[in-house]
file my_file.pdb (PDB, C-alpha atoms)
ATOM      1  CA  MET A1165      53.310  -6.451 186.759
ATOM      2  CA  ARG A1166      54.001 -10.165 186.234
ATOM      3  CA  GLN A1167      56.655  -9.437 183.640
ATOM      4  CA  ALA A1168      58.395  -7.025 186.014
ATOM      5  CA  ARG A1169      58.493  -9.722 188.730
ATOM      6  CA  ALA A1170      59.728 -12.309 186.238
ATOM      7  CA  ASP A1171      62.500  -9.956 185.124
ATOM      8  CA  GLU A1172      63.394  -9.206 188.740
ATOM      9  CA  TYR A1173      63.588 -12.947 189.489
ATOM     10  CA  ALA A1174      65.697 -13.619 186.374
ATOM     11  CA  GLU A1175      68.165 -10.922 187.414
ATOM     12  CA  PHE A1176      68.352 -12.274 190.973
ATOM     13  CA  ALA A1177      68.828 -15.859 189.762
ATOM     14  CA  ALA A1178      71.589 -14.835 187.352
ATOM     15  CA  LEU A1179      73.443 -12.965 190.101
ATOM     16  CA  ARG A1180      73.112 -15.656 192.802
ATOM     17  CA  ALA A1181      73.401 -18.894 190.811
ATOM     18  CA  GLY A1182      77.208 -19.012 190.958
ATOM     19  CA  HIS A1183      77.328 -18.488 194.700
ATOM     20  CA  LEU A1184      74.570 -21.043 195.263
ATOM     21  CA  TYR A1185      76.467 -23.525 193.096
ATOM     22  CA  ARG A1186      79.704 -23.082 195.065
ATOM     23  CA  SER A1187      77.838 -23.626 198.327
ATOM     24  CA  ALA A1188      76.049 -26.649 196.883
ATOM     25  CA  CYS A1189      79.387 -28.129 195.784
ATOM     26  CA  LEU A1190      80.642 -27.903 199.343
ATOM     27  CA  LEU A1191      77.438 -29.346 200.774
ATOM     28  CA  THR A1192      77.594 -32.290 198.370
ATOM     29  CA  ALA A1193      81.327 -32.772 199.017
ATOM     30  CA  GLY A1194      82.260 -32.066 195.425
ATOM     31  CA  ASP A1195      79.483 -33.908 193.597
ATOM     32  CA  THR A1196      79.000 -31.310 190.862
ATOM     33  CA  HIS A1197      76.025 -33.040 189.284
ATOM     34  CA  LEU A1198      74.129 -33.192 192.552
ATOM     35  CA  ALA A1199      75.150 -29.578 193.246
ATOM     36  CA  GLU A1200      73.634 -28.499 189.933
ATOM     37  CA  ASP A1201      70.425 -30.363 190.792
ATOM     38  CA  LEU A1202      70.297 -28.665 194.203
ATOM     39  CA  VAL A1203      70.717 -25.225 192.657
ATOM     40  CA  GLN A1204      68.025 -25.908 190.068
ATOM     41  CA  GLU A1205      65.602 -27.144 192.707
ATOM     42  CA  THR A1206      66.390 -24.135 194.906
ATOM     43  CA  LEU A1207      65.855 -21.677 192.060
ATOM     44  CA  GLY A1208      62.619 -23.443 191.139
ATOM     45  CA  ARG A1209      61.308 -23.136 194.674
ATOM     46  CA  LEU A1210      62.291 -19.476 194.756
ATOM     47  CA  TYR A1211      60.517 -18.821 191.465
ATOM     48  CA  VAL A1212      57.283 -20.312 192.748
ATOM     49  CA  SER A1213      57.285 -18.063 195.814
ATOM     50  CA  TRP A1214      59.149 -15.072 194.362
ATOM     51  CA  HIS A1215      56.283 -12.674 195.160
ATOM     52  CA  ARG A1216      56.874 -13.385 198.864
ATOM     53  CA  VAL A1217      60.658 -13.830 198.692
ATOM     54  CA  SER A1218      61.247 -10.549 196.854
ATOM     55  CA  ARG A1219      59.621  -8.656 199.711
ATOM     56  CA  ALA A1220      61.864 -10.344 202.277
ATOM     57  CA  GLY A1221      64.648  -8.295 203.773
ATOM     58  CA  ASN A1222      67.370 -10.641 202.499
ATOM     59  CA  PRO A1223      66.429 -12.727 199.440
ATOM     60  CA  ALA A1224      70.025 -13.978 199.102
ATOM     61  CA  GLY A1225      69.960 -15.343 202.657
ATOM     62  CA  TYR A1226      66.566 -16.866 201.974
ATOM     63  CA  ALA A1227      68.007 -18.597 198.905
ATOM     64  CA  GLN A1228      70.890 -20.032 200.961
ATOM     65  CA  THR A1229      68.411 -21.287 203.545
ATOM     66  CA  VAL A1230      66.321 -22.981 200.842
ATOM     67  CA  LEU A1231      69.484 -24.544 199.377
ATOM     68  CA  THR A1232      70.587 -25.946 202.740
ATOM     69  CA  ARG A1233      67.147 -27.278 203.634
ATOM     70  CA  THR A1234      66.789 -28.839 200.187
ATOM     71  CA  PHE A1235      70.148 -30.560 200.641
ATOM     72  CA  LEU A1236      69.199 -31.921 204.076
ATOM     73  CA  ALA A1237      65.794 -33.101 202.837
ATOM     74  CA  GLN A1238      67.458 -34.870 199.932
ATOM     75  CA  ARG A1239      69.940 -36.598 202.250
ATOM     76  CA  ARG A1240      67.045 -37.966 204.305
ATOM     77  CA  ARG A1241      65.588 -39.711 201.257
ATOM     78  CA  ARG A1242      66.789 -43.226 200.637
ATOM     79  CA  SER A1243      67.523 -42.626 196.984
ATOM     80  CA  SER A1244      69.975 -39.841 197.784
ATOM     81  CA  THR A1245      72.742 -42.393 198.364
ATOM     82  CA  GLU A1246      72.487 -43.818 194.835
ATOM     83  CA  ARG A1247      75.487 -43.259 192.615
ATOM     84  CA  ALA A1248      75.509 -43.868 188.892
ATOM     85  CA  THR A1249      79.233 -44.634 188.691
ATOM     86  CA  ASP A1250      82.443 -44.781 190.689
ATOM     87  CA  VAL A1251      84.443 -42.992 188.005
ATOM     88  CA  LEU A1252      84.684 -39.224 188.072
ATOM     89  CA  PRO A1253      84.231 -37.722 184.596
ATOM     90  CA  GLU A1254      86.568 -34.773 185.168
ATOM     91  CA  ALA A1255      90.316 -35.264 184.992
ATOM     92  CA  VAL A1256      92.450 -33.586 187.646
ATOM     93  CA  ASP A1257      95.694 -31.855 186.730
ATOM     94  CA  PRO A1258      98.285 -33.738 188.829
ATOM     95  CA  GLY A1259     100.628 -30.724 188.878
ATOM     96  CA  SER A1260      98.135 -28.487 190.640
ATOM     97  CA  GLY A1261      98.582 -28.329 194.417
ATOM     98  CA  ASP A1262      95.328 -26.424 194.750
ATOM     99  CA  ALA A1263      93.440 -29.243 193.063
ATOM    100  CA  ALA A1264      94.973 -31.812 195.405
ATOM    101  CA  LEU A1265      94.084 -29.691 198.437
ATOM    102  CA  ARG A1266      90.563 -29.157 197.128
ATOM    103  CA  LEU A1267      90.061 -32.890 196.573
ATOM    104  CA  THR A1268      91.437 -33.699 200.024
ATOM    105  CA  LEU A1269      89.103 -31.200 201.660
ATOM    106  CA  LEU A1270      86.098 -32.384 199.655
ATOM    107  CA  ASP A1271      86.863 -35.976 200.605
ATOM    108  CA  ALA A1272      87.044 -34.994 204.274
ATOM    109  CA  LEU A1273      83.760 -33.076 203.984
ATOM    110  CA  ALA A1274      82.146 -36.137 202.375
ATOM    111  CA  ARG A1275      82.990 -38.183 205.447
ATOM    112  CA  LEU A1276      81.039 -35.857 207.735
ATOM    113  CA  SER A1277      77.352 -36.431 208.344
ATOM    114  CA  ALA A1278      74.991 -34.278 206.303
ATOM    115  CA  LYS A1279      74.092 -32.056 209.259
ATOM    116  CA  ASP A1280      77.718 -31.624 210.325
ATOM    117  CA  ARG A1281      78.629 -30.743 206.745
ATOM    118  CA  ALA A1282      75.770 -28.234 206.603
ATOM    119  CA  VAL A1283      76.960 -26.615 209.849
ATOM    120  CA  VAL A1284      80.549 -26.336 208.594
ATOM    121  CA  VAL A1285      79.463 -24.871 205.250
ATOM    122  CA  LEU A1286      77.047 -22.383 206.814
ATOM    123  CA  ARG A1287      79.392 -21.267 209.582
ATOM    124  CA  TYR A1288      82.725 -21.203 207.766
ATOM    125  CA  TRP A1289      81.940 -20.931 204.056
ATOM    126  CA  GLU A1290      78.836 -18.752 204.268
ATOM    127  CA  ASP A1291      80.223 -16.959 207.348
ATOM    128  CA  ARG A1292      76.892 -17.093 209.139
ATOM    129  CA  SER A1293      76.511 -16.552 212.843
ATOM    130  CA  VAL A1294      75.631 -19.357 215.233
ATOM    131  CA  GLU A1295      72.107 -17.985 215.549
ATOM    132  CA  GLU A1296      71.587 -17.743 211.783
ATOM    133  CA  THR A1297      72.873 -21.280 211.322
ATOM    134  CA  ALA A1298      70.582 -22.531 214.089
ATOM    135  CA  ASP A1299      67.622 -20.822 212.426
ATOM    136  CA  VAL A1300      68.361 -22.395 209.036
ATOM    137  CA  LEU A1301      68.766 -25.877 210.500
ATOM    138  CA  HIS A1302      65.885 -25.584 213.010
ATOM    139  CA  VAL A1303      68.115 -26.417 215.969
ATOM    140  CA  SER A1304      69.293 -24.559 219.053
ATOM    141  CA  SER A1305      72.393 -22.370 219.136
ATOM    142  CA  ALA A1306      73.958 -24.832 221.570
ATOM    143  CA  ALA A1307      73.409 -27.653 219.082
ATOM    144  CA  VAL A1308      75.176 -25.628 216.370
ATOM    145  CA  ARG A1309      78.139 -24.929 218.645
ATOM    146  CA  THR A1310      78.358 -28.599 219.620
ATOM    147  CA  ARG A1311      78.157 -29.734 215.993
ATOM    148  CA  CYS A1312      80.840 -27.183 215.020
ATOM    149  CA  VAL A1313      83.234 -28.479 217.660
ATOM    150  CA  ARG A1314      82.628 -32.106 216.742
ATOM    151  CA  ALA A1315      82.738 -31.518 212.982
ATOM    152  CA  LEU A1316      85.983 -29.545 213.174
ATOM    153  CA  ALA A1317      87.528 -32.198 215.427
ATOM    154  CA  ARG A1318      86.473 -34.865 212.928
ATOM    155  CA  LEU A1319      87.967 -32.858 210.050
ATOM    156  CA  ARG A1320      91.243 -32.491 211.944
ATOM    157  CA  GLU A1321      91.220 -36.235 212.588
ATOM    158  CA  LEU A1322      90.533 -37.009 208.933
ATOM    159  CA  LEU A1323      93.045 -34.538 207.540
ATOM    160  CA  GLY A1324      95.766 -35.185 210.099
ATOM    161  CA  GLU A1325      99.217 -34.453 208.743
ATOM    162  CA  ASP A1326      97.918 -34.163 205.161
ATOM    163  CA  LEU A1327      96.645 -30.640 205.688
ATOM    164  CA  GLY A1328     100.061 -29.274 206.645
ATOM    165  CA  GLU A1329     101.588 -31.000 203.636
ATOM    166  CA  PHE A1330      99.132 -29.369 201.239
ATOM    167  CA  ALA A1331      99.240 -25.957 202.912
ATOM    168  CA  ALA A1332     103.045 -25.825 202.613
ATOM    169  CA  ALA A1333     102.974 -26.650 198.880
TER     170      ALA A1333
END
call {"tool": "encode", "arguments": {"input": "my_file.pdb", "output": "structure tokens"}}
result
Amino acid sequence: MRQARADEYAEFAALRAGHLYRSACLLTAGDTHLAEDLVQETLGRLYVSWHRVSRAGNPAGYAQTVLTRTFLAQRRRRSSTERATDVLPEAVDPGSGDAALRLTLLDALARLSAKDRAVVVLRYWEDRSVEETADVLHVSSAAVRTRCVRALARLRELLGEDLGEFAAA
């Protein structure tokens, strides 16, 4: 029985890891190393409670909730603001308009507060409802709507004319 559960978990983790990683990249505003750590911690927490999670109606949604809560908990810790270096290890292809747009959007996301970023990712990347987002973040639906309005206004302010320039390219 244990081996069957372990195999079931391994299959689930293999199928969901890519999606969790993409969400984690958005939550961390492009910090791929931190995103990998978030995914690993999320998968570890799921493994420990897989017997309960596997019986849930939506294990994928549960995994996204764990990822988001792990991210927010990490942001509350003092050490989460430490950075090893200012230099990014990956080189960006200067001829790629998509890369420039992606970097601009990630920079704008990085300037949002952790909770605002989580709301934007859950609502617009994960395509969750207001109620689902409120449940994940342990806030009211009104608080989610308010954060959405403020976060989107802040993104528009940060992106300004740049967004139209990148979208036209």
call {"tool": "resolve_selection", "arguments": {"input": "my_file.pdb", "expression": "the PyMOL selection byres ((chain A and resi 1266-1278) around 8)", "output": "mmCIF file with C-alpha atoms, keeping the file's coordinate frame"}}
result
data_model
loop_
_atom_site.group_PDB
_atom_site.id
_atom_site.type_symbol
_atom_site.label_atom_id
_atom_site.label_comp_id
_atom_site.auth_asym_id
_atom_site.auth_seq_id
_atom_site.Cartn_x
_atom_site.Cartn_y
_atom_site.Cartn_z
ATOM 1 C CA LEU A 1190 80.642 -27.903 199.343
ATOM 2 C CA LEU A 1191 77.438 -29.346 200.774
ATOM 3 C CA THR A 1192 77.594 -32.290 198.370
ATOM 4 C CA ALA A 1193 81.327 -32.772 199.017
ATOM 5 C CA GLY A 1194 82.260 -32.066 195.425
ATOM 6 C CA LEU A 1236 69.199 -31.921 204.076
ATOM 7 C CA ARG A 1239 69.940 -36.598 202.250
ATOM 8 C CA ASP A 1262 95.328 -26.424 194.750
ATOM 9 C CA ALA A 1263 93.440 -29.243 193.063
ATOM 10 C CA ALA A 1264 94.973 -31.812 195.405
ATOM 11 C CA LEU A 1265 94.084 -29.691 198.437
ATOM 12 C CA LYS A 1279 74.092 -32.056 209.259
ATOM 13 C CA ASP A 1280 77.718 -31.624 210.325
ATOM 14 C CA ARG A 1281 78.629 -30.743 206.745
ATOM 15 C CA ALA A 1282 75.770 -28.234 206.603
ATOM 16 C CA ALA A 1315 82.738 -31.518 212.982
ATOM 17 C CA ARG A 1318 86.473 -34.865 212.928
ATOM 18 C CA LEU A 1319 87.967 -32.858 210.050
ATOM 19 C CA LEU A 1322 90.533 -37.009 208.933
ATOM 20 C CA LEU A 1323 93.045 -34.538 207.540
#
call {"tool": "residues_around", "arguments": {"input": "my_file.pdb", "residues": "Val1230 of chain A", "least_positions_apart": "6", "cutoff": "12 Å", "atoms": "all atoms listed in the file", "output": "list in words"}}
result
Leu1184, Ser1187, Ala1188, Leu1202, Val1203, Gln1204, Glu1205, Thr1206, Leu1207, Gly1208, Arg1209, Leu1210, Tyr1211, Ser1213, Val1217, Pro1223, Ala1224, Leu1236, Ala1237, Gln1238, Asp1299, Val1300 and Leu1301 of chain A
call {"tool": "axis_aligned_box", "arguments": {"input": "my_file.pdb", "around": "segment 1186-1202 of chain A", "padding_each_side": "6 Å", "output": "AutoDock Vina command-line options"}}
result
--center_x 76.3 --center_y -28.5 --center_z 195.0 --size_x 24.0 --size_y 22.8 --size_z 23.5
call {"tool": "atom_distance", "arguments": {"input": "my_file.pdb", "atom1": "atom CA of His1215 of chain A", "atom2": "atom CA of Ala1168 of chain A"}}
result
11.0 Å
call {"tool": "atom_distance", "arguments": {"input": "my_file.pdb", "atom1": "atom CA of Gly1324 of chain A", "atom2": "atom CA of His1197 of chain A"}}
result
28.8 Å
call {"tool": "closest_residue", "arguments": {"input": "my_file.pdb", "among": "A:Ala1306, A:Ala1317, A:Leu1231, A:Val1283", "to": "Arg1180 of chain A", "atoms": "all atoms listed in the file"}}
result
A:Leu1231
call {"tool": "atom_distance", "arguments": {"input": "my_file.pdb", "atom1": "atom CA of Ala1227 of chain A", "atom2": "atom CA of Tyr1173 of chain A"}}
result
11.8 Å
call {"tool": "resolve_selection", "arguments": {"input": "my_file.pdb", "expression": "the PyMOL selection byres ((chain A and resi 1294-1297) around 10)", "output": "ChimeraX atom specification"}}
result
/A:1225,1229,1282-1287,1290-1293,1298-1309,1312
call {"tool": "closest_residue", "arguments": {"input": "my_file.pdb", "among": "A:Gln1228, A:Arg1320, A:Asp1201, A:Tyr1288", "to": "His1183 of chain A", "atoms": "only C-alpha atoms"}}
result
A:Gln1228
call {"tool": "decode", "arguments": {"input": "my_file.pdb", "residues": "segment 1172-1206 of chain A", "atoms": "C-alpha atoms", "output": "mmCIF file, in the first residue's frame"}}
result
data_model
loop_
_atom_site.group_PDB
_atom_site.id
_atom_site.type_symbol
_atom_site.label_atom_id
_atom_site.label_comp_id
_atom_site.auth_asym_id
_atom_site.auth_seq_id
_atom_site.Cartn_x
_atom_site.Cartn_y
_atom_site.Cartn_z
ATOM 1 C CA GLU A 1172 0.913 7.980 -6.978
ATOM 2 C CA TYR A 1173 2.731 10.919 -5.348
ATOM 3 C CA ALA A 1174 5.695 10.612 -7.739
ATOM 4 C CA GLU A 1175 3.348 10.715 -10.727
ATOM 5 C CA PHE A 1176 1.485 13.734 -9.333
ATOM 6 C CA ALA A 1177 4.729 15.582 -8.553
ATOM 7 C CA ALA A 1178 6.117 14.917 -12.034
ATOM 8 C CA LEU A 1179 2.940 16.231 -13.669
ATOM 9 C CA ARG A 1180 2.554 19.357 -11.496
ATOM 10 C CA ALA A 1181 6.164 20.438 -10.917
ATOM 11 C CA GLY A 1182 6.384 22.509 -14.109
ATOM 12 C CA HIS A 1183 3.182 24.393 -13.404
ATOM 13 C CA LEU A 1184 4.188 24.979 -9.785
ATOM 14 C CA TYR A 1185 7.561 26.278 -10.963
ATOM 15 C CA ARG A 1186 5.985 28.755 -13.399
ATOM 16 C CA SER A 1187 3.697 30.052 -10.661
ATOM 17 C CA ALA A 1188 6.609 30.267 -8.231
ATOM 18 C CA CYS A 1189 8.621 32.261 -10.783
ATOM 19 C CA LEU A 1190 5.827 34.800 -10.980
ATOM 20 C CA LEU A 1191 5.427 34.947 -7.210
ATOM 21 C CA THR A 1192 9.159 35.533 -6.756
ATOM 22 C CA ALA A 1193 9.221 38.092 -9.591
ATOM 23 C CA GLY A 1194 11.597 36.031 -11.686
ATOM 24 C CA ASP A 1195 13.985 34.768 -9.012
ATOM 25 C CA THR A 1196 14.402 31.274 -10.453
ATOM 26 C CA HIS A 1197 16.513 29.984 -7.588
ATOM 27 C CA LEU A 1198 13.969 31.017 -4.988
ATOM 28 C CA ALA A 1199 11.207 29.602 -7.213
ATOM 29 C CA GLU A 1200 12.964 26.234 -7.278
ATOM 30 C CA ASP A 1201 13.271 26.319 -3.482
ATOM 31 C CA LEU A 1202 9.561 27.130 -3.154
ATOM 32 C CA VAL A 1203 8.589 24.234 -5.404
ATOM 33 C CA GLN A 1204 10.831 21.828 -3.506
ATOM 34 C CA GLU A 1205 9.424 22.930 -0.164
ATOM 35 C CA THR A 1206 5.874 22.658 -1.516
#
